[in-house]
Structure formats: C-alpha cells, structure tokens
Amino acid sequence: MSKSRLFMPVAWAALGALLLAACSRPEIDTTELVRPVRVMQLQSSGSTFEESFSGQIEPRFQADLSFQVGGKLISRLVDVGDRVKKGQVLARLDPQDLSFALQAAQAGFDAANTEHAQLKTDLERAKTLKQQNFISQAELDRRQLALDAAASRLSQARAQLSTQSNQKQYGDLRAPNNGVVSAVYAQAGQVVPPGQPVVQWADENEVQVSMAVPESRVADIKVGEDATVLLWSGKESLKAKVREVSPVANPVTRTFDVLLNVNDANKVARFGMSATIQFSKAAQPDVFKLPISALVAQHTGAFVWVFDEAQGQVRKRVVQPYAVSESEFLVKEGLKNGELIVTAGTHVLNDGQKVRRFVETSDLTQ
C-alpha cells in the first residue's frame with residue numbers, strides 16, 4: 001500500500017477531532033460587569049465653605065536704604081539679622097571728600113559776603129556823591145546794579161553752603177525706625193553712587209501676608225474681610241484682615257495681588273515664611289457642596305456622575321464649579337436636591353454604565 005493511501009485516513013481523523021473540539025468549546029461570558037460606586041445624596045444648605053490660598057509672610061514696611069551722595073564706603077556697621085534703633089548709623093562714607101566740598105562752599109560764601117559788603121559801602125558813598133553832584137545818575141545806577149548782582153551771588157553761595165552742610169551729614173546712613181536688617185548689598189571699600197542700595201531695612205512690628213488670587217476668584221475677596229493664616233512651619237494660627245486688593249492683574253502670572261494685615265506679629269519668626277490663608281464663607285441655600293473627588297475635568301469642561309438608582313445607571317451631568325479648594329467645591333446650577341452623586345471611582349465610568357451602590361460593611365451590621 002502506498003504512503004498516500006495510508007495518510008488519507010489519518011488526515012480525516014484529525015480533521016474530525018478538530019471539528020468536535022470546536023463544537024464543544026465553552027461559551028464566553030458576556031455578562032456586563034456591574035461596578036460598585038460610592039455615592040452621596042445632595043442636600044442644599046447654607047453650610048460654610050473653607051476657601052484656601054497660598055501666600056507668604058512679609059514686612060508691611062521695608063525699604064532699600066541708600067546714600068543721598070556718592071563716595072567710598074569705609075564701613076558697614078550691621079549685618080543681616082541685626083536689630084537696629086531709629087537713627088542708628090548703619091554705614092559710613094569716606095568723609096574727606098565731603099569735608100573738602102564743605103570747606104569750598106564755606107570759602108565761596110565768605111567771598112560772596114565780603115564782595116556784597118564792599119559793594120554796599122560803595123553804593124552808600126555814591127549816593128552821598130550824587131547829592132553833591134560829583135557823580136552822574138548813570139554811575140549811581142551802575143553801582144546799584146553791581147550790588148544787586150552781588151546779593152544774588154551771596155544767596156547762591158549761601159544755598160551751596162547749606163547743601164554741602166547737609167551732604168556732610170548724608171555721609172552717615174541711618175535707620176529710619178526700629179527694625180531689622182533683612183539684606184545687605186555693599187561691602188566696605190566699594191564706591192557707591194547716590195541711590196544705590198546698601199542695606200535693606202524691615203519693620204518687625206508691622207507684618208502682612210501677600211497672596212495671588214486668580215481672576216475667577218478675585219471678585220469674592222473684599223477689603224476688610226477676615227481670614228485665618230496657617231503657618232506651614234508649625235501649628236501657629238494668625239488672625240488677619242484683607243487690607244488691599246490690587247485692581248490690576250500681574251502681567252506675568254495674570255493673578256491679582258492681595259495683601260492682609262496680621263494681628264499677632266509677635267508669633268511670626270521669619271519673614272518669607274510660607275502660609276495658607278483660609279476664608280470661611282457661607283454657602284447660599286441653593287448651592288451644593290461636593291467633595292473634589294466627585295469632579296471630573298476634561299478639555300471640554302467639567303462634569304459629575306449622577307446615579308439613577310431606579311435604572312442602576314450613571315449619567316454624565318455637566319456643571320460649572322466655583323470656589324474650588326483642595327478638598328471640595330461648590331455648584332449652583334445643573335444639579336437637583338436629593339440626587340445621588342458618585343464620589344469615588346469617577347475616572348473609570350462611562351455614560352449609561354450599569355453600577356450598583358456601594359454599601360459599607362458597618363451599614364450591613366447595623
């Protein structure tokens with residue numbers, strides 16, 4: 001018997017086994033998975049809402065101090081962190097050039113004063129000679145004009161002497177009030193021009209908090225509104241009040257600067273400390289407060305999942321949240337009192353998906 005005849009029965013037997021296996025393959029389970037979801041029932045109430053912003057502690061009054069005259073800095077008498085008194089000398093310029101300028105101004109004043117006195121005597125003499133007709137009226141007028149010019153030069157020299165006298169005192173840089181040195185910008189031996197900052201002074205007794213508020217929230221921040229400041233470095237809680245809301249947005253961040261006065265300045269250890277500013281606001285009666293986990297944000301907008309318990313499905317509901325904080329947000333339109341909102345697992349749901357309400361184990365045992 002040929003090999004081909006032996007192969008044919010074997011092939012038909014194998015094909016039959018495959019067909020039999022295909023017919024007996026188990027069916028795939030197409031039952032839809034019903035996912036459990038955690039929900040909350042909406043209840044419209046006038047509860048309070050905590051709104052938080054990030055900020056930092058700053059001195060309300062601070063200034064970059066500089067000399068009103070230029071010169072060589074021969075000594076800087078304070079360092080960063082030094083506490084200073086009003087009028088205390090912080091730095092000094094080389095007094096030699098200022099002394100020479102004062103001496104020159106004094107000499108100029110003396111010369112102008114002597115000239116004025118001489119011309120005044122000449123005029124008195126000329127008036128006597130004119131009465132005796134020894135000189136003409138023109139000569140008398142010439143001497144009067146010379147005296148007037150000398151009087152102007154004397155006034156100029158007096159002003160220069162006063163200016164140089166003040167500049168001699170400007171060689172000492174003094175603290176404008178009690179405070180602390182918060183920065184230094186120059187060292188001894190450096191030549192500084194007028195107006196160049198040498199040290200930075202800050203008032204420790206007047207403290208403020210600065211924060212940046214987005215344009216969507218700035219309308220809700222009012223001057224005189226109370227707030228609570230929480231320091232990130234510890235558990236200190238400070239009372240604050242809004243003092244200033246900038247009417248112009250920052251050109252870089254497009255946010256609005258808000259400044260708050262702090263009452264308990266003695267609790268602030270360092271300027272520049274980070275802080276959280278909290279505002280306690282009363283929600284309106286027709287406003288719903290939801291946890292931030294219930295909100296789904298996409299490029300097309302924000303929405304929440306509404307659970308239809310009768311149908312066992314979730315439906316997408318577009319909302320416009322406002323007053324959003326780290327843990328919750330408010331919604332005024334788009335929702336109804338008593339509706340069930342999904343608060344967990346929102347990112348894995350689809351519109352119309354079958355779900356069931358998640359029941360806590362503690363609820364079953366009660």
# chains A, B, ... in the order shown; residues from 1 in each chain; ligands from 1
$ residues_around --residues "Leu260 of chain A" --least-positions-apart "2" --cutoff "8 Å" --atoms "only C-alpha atoms" --output "ChimeraX atom specification"
/A:208-210,240-244,258,262
$ closest_residue --among "A:Gly224, A:Arg143, A:Lys336, A:Val318" --to "Lys130 of chain A" --atoms "only C-alpha atoms"
A:Arg143
$ closest_residue --among "A:Val319, A:Ala157, A:Leu129, A:Ala101" --to "Asn113 of chain A" --atoms "only C-alpha atoms"
A:Ala157
$ select_by_dssp --residues "segment 190-312 of chain A" --states "helix (DSSP H, G or I)" --output "ChimeraX atom specification"
/A:218-220,265-267,292-294
$ atom_distance --atom1 "atom CA of Arg315 of chain A" --atom2 "atom CA of Thr300 of chain A"
16.5 Å
$ residues_around --residues "segment 225-227 of chain A" --least-positions-apart "3" --cutoff "12 Å" --atoms "only C-alpha atoms" --output "count of residues only"
30
$ select_by_dssp --residues "segment 217-327 of chain A" --states "strand (DSSP E or B)" --output "ChimeraX atom specification"
/A:226-231,237-245,256-262,274-282,288-291,296-298,301-308,313-319,322
$ closest_residue --among "A:Arg38, A:Arg142, A:Lys127, A:Lys168" --to "Gln68 of chain A" --atoms "only C-alpha atoms"
A:Lys168
$ residues_around --residues "Arg174 of chain A" --least-positions-apart "3" --cutoff "10 Å" --atoms "only C-alpha atoms" --output "mmCIF file with C-alpha atoms, in the first residue's frame"
data_model
loop_
_atom_site.group_PDB
_atom_site.id
_atom_site.type_symbol
_atom_site.label_atom_id
_atom_site.label_comp_id
_atom_site.auth_asym_id
_atom_site.auth_seq_id
_atom_site.Cartn_x
_atom_site.Cartn_y
_atom_site.Cartn_z
ATOM 1 C CA LEU A 65 18.400 102.253 52.160
ATOM 2 C CA SER A 66 20.987 104.183 50.146
ATOM 3 C CA PHE A 67 23.189 107.255 50.476
ATOM 4 C CA VAL A 84 18.561 98.430 64.900
ATOM 5 C CA LYS A 85 17.112 101.525 66.572
ATOM 6 C CA LYS A 86 15.766 104.659 64.951
ATOM 7 C CA GLY A 87 18.626 106.937 63.892
ATOM 8 C CA GLN A 88 21.325 104.288 64.380
ATOM 9 C CA VAL A 89 24.249 104.571 61.940
ATOM 10 C CA LEU A 90 24.285 101.612 59.573
ATOM 11 C CA ALA A 91 27.118 102.562 57.203
ATOM 12 C CA ARG A 92 29.566 105.422 56.552
ATOM 13 C CA TYR A 170 24.498 112.374 54.431
ATOM 14 C CA GLY A 171 27.791 110.535 54.776
ATOM 15 C CA ASN A 177 12.934 103.490 62.502
#
$ residues_around --residues "Thr163 of chain A" --least-positions-apart "5" --cutoff "9 Å" --atoms "only C-alpha atoms" --output "list in words"
Leu102, Ala105, Arg158 and Lys168 of chain A
$ write_last_selection --atoms "N, CA and C atoms" --output "PDB file, in the first residue's frame"
ATOM      1  N   LEU A 102      32.589 120.888  51.662  1.00  0.00           N
ATOM      2  CA  LEU A 102      32.022 121.836  52.619  1.00  0.00           C
ATOM      3  C   LEU A 102      32.940 123.046  52.823  1.00  0.00           C
ATOM      4  N   ALA A 105      32.581 125.312  49.828  1.00  0.00           N
ATOM      5  CA  ALA A 105      31.330 126.060  49.882  1.00  0.00           C
ATOM      6  C   ALA A 105      31.404 127.179  50.917  1.00  0.00           C
ATOM      7  N   ARG A 158      25.164 131.004  49.750  1.00  0.00           N
ATOM      8  CA  ARG A 158      24.535 130.555  50.993  1.00  0.00           C
ATOM      9  C   ARG A 158      23.812 129.225  50.770  1.00  0.00           C
ATOM     10  N   LYS A 168      27.325 116.700  54.073  1.00  0.00           N
ATOM     11  CA  LYS A 168      28.307 116.213  55.039  1.00  0.00           C
ATOM     12  C   LYS A 168      27.627 115.249  56.020  1.00  0.00           C
TER      13      LYS A 168
END
$ residues_around --residues "Arg317 of chain A" --least-positions-apart "5" --cutoff "7 Å" --atoms "only C-alpha atoms" --output "PyMOL selection string"
chain A and resi 303-306
$ write_last_selection --atoms "N, CA, C and O atoms" --output "tab-separated table (two decimals), in the first residue's frame"
chain	number	residue	atom	x	y	z
A	303	PHE	N	-17.68	67.88	34.74
A	303	PHE	CA	-18.95	67.20	34.93
A	303	PHE	C	-18.86	66.30	36.16
A	303	PHE	O	-17.78	66.04	36.70
A	304	VAL	N	-20.04	65.81	36.58
A	304	VAL	CA	-20.14	64.83	37.67
A	304	VAL	C	-20.99	63.67	37.16
A	304	VAL	O	-21.71	63.79	36.16
A	305	TRP	N	-20.91	62.53	37.87
A	305	TRP	CA	-21.74	61.38	37.53
A	305	TRP	C	-22.94	61.35	38.47
A	305	TRP	O	-22.80	61.31	39.68
A	306	VAL	N	-24.14	61.36	37.89
A	306	VAL	CA	-25.39	61.26	38.64
A	306	VAL	C	-25.88	59.82	38.58
A	306	VAL	O	-26.02	59.24	37.49
$ residues_around --residues "Phe109 of chain A" --least-positions-apart "4" --cutoff "12 Å" --atoms "only C-alpha atoms" --output "ChimeraX atom specification"
/A:102-105,113-116,150-162,164
$ closest_residue --among "A:Asp94, A:Leu73, A:His347, A:Gln144" --to "Tyr185 of chain A" --atoms "only C-alpha atoms"
A:Leu73
$ atom_distance --atom1 "atom CA of Arg76 of chain A" --atom2 "atom CA of Asp97 of chain A"
18.4 Å
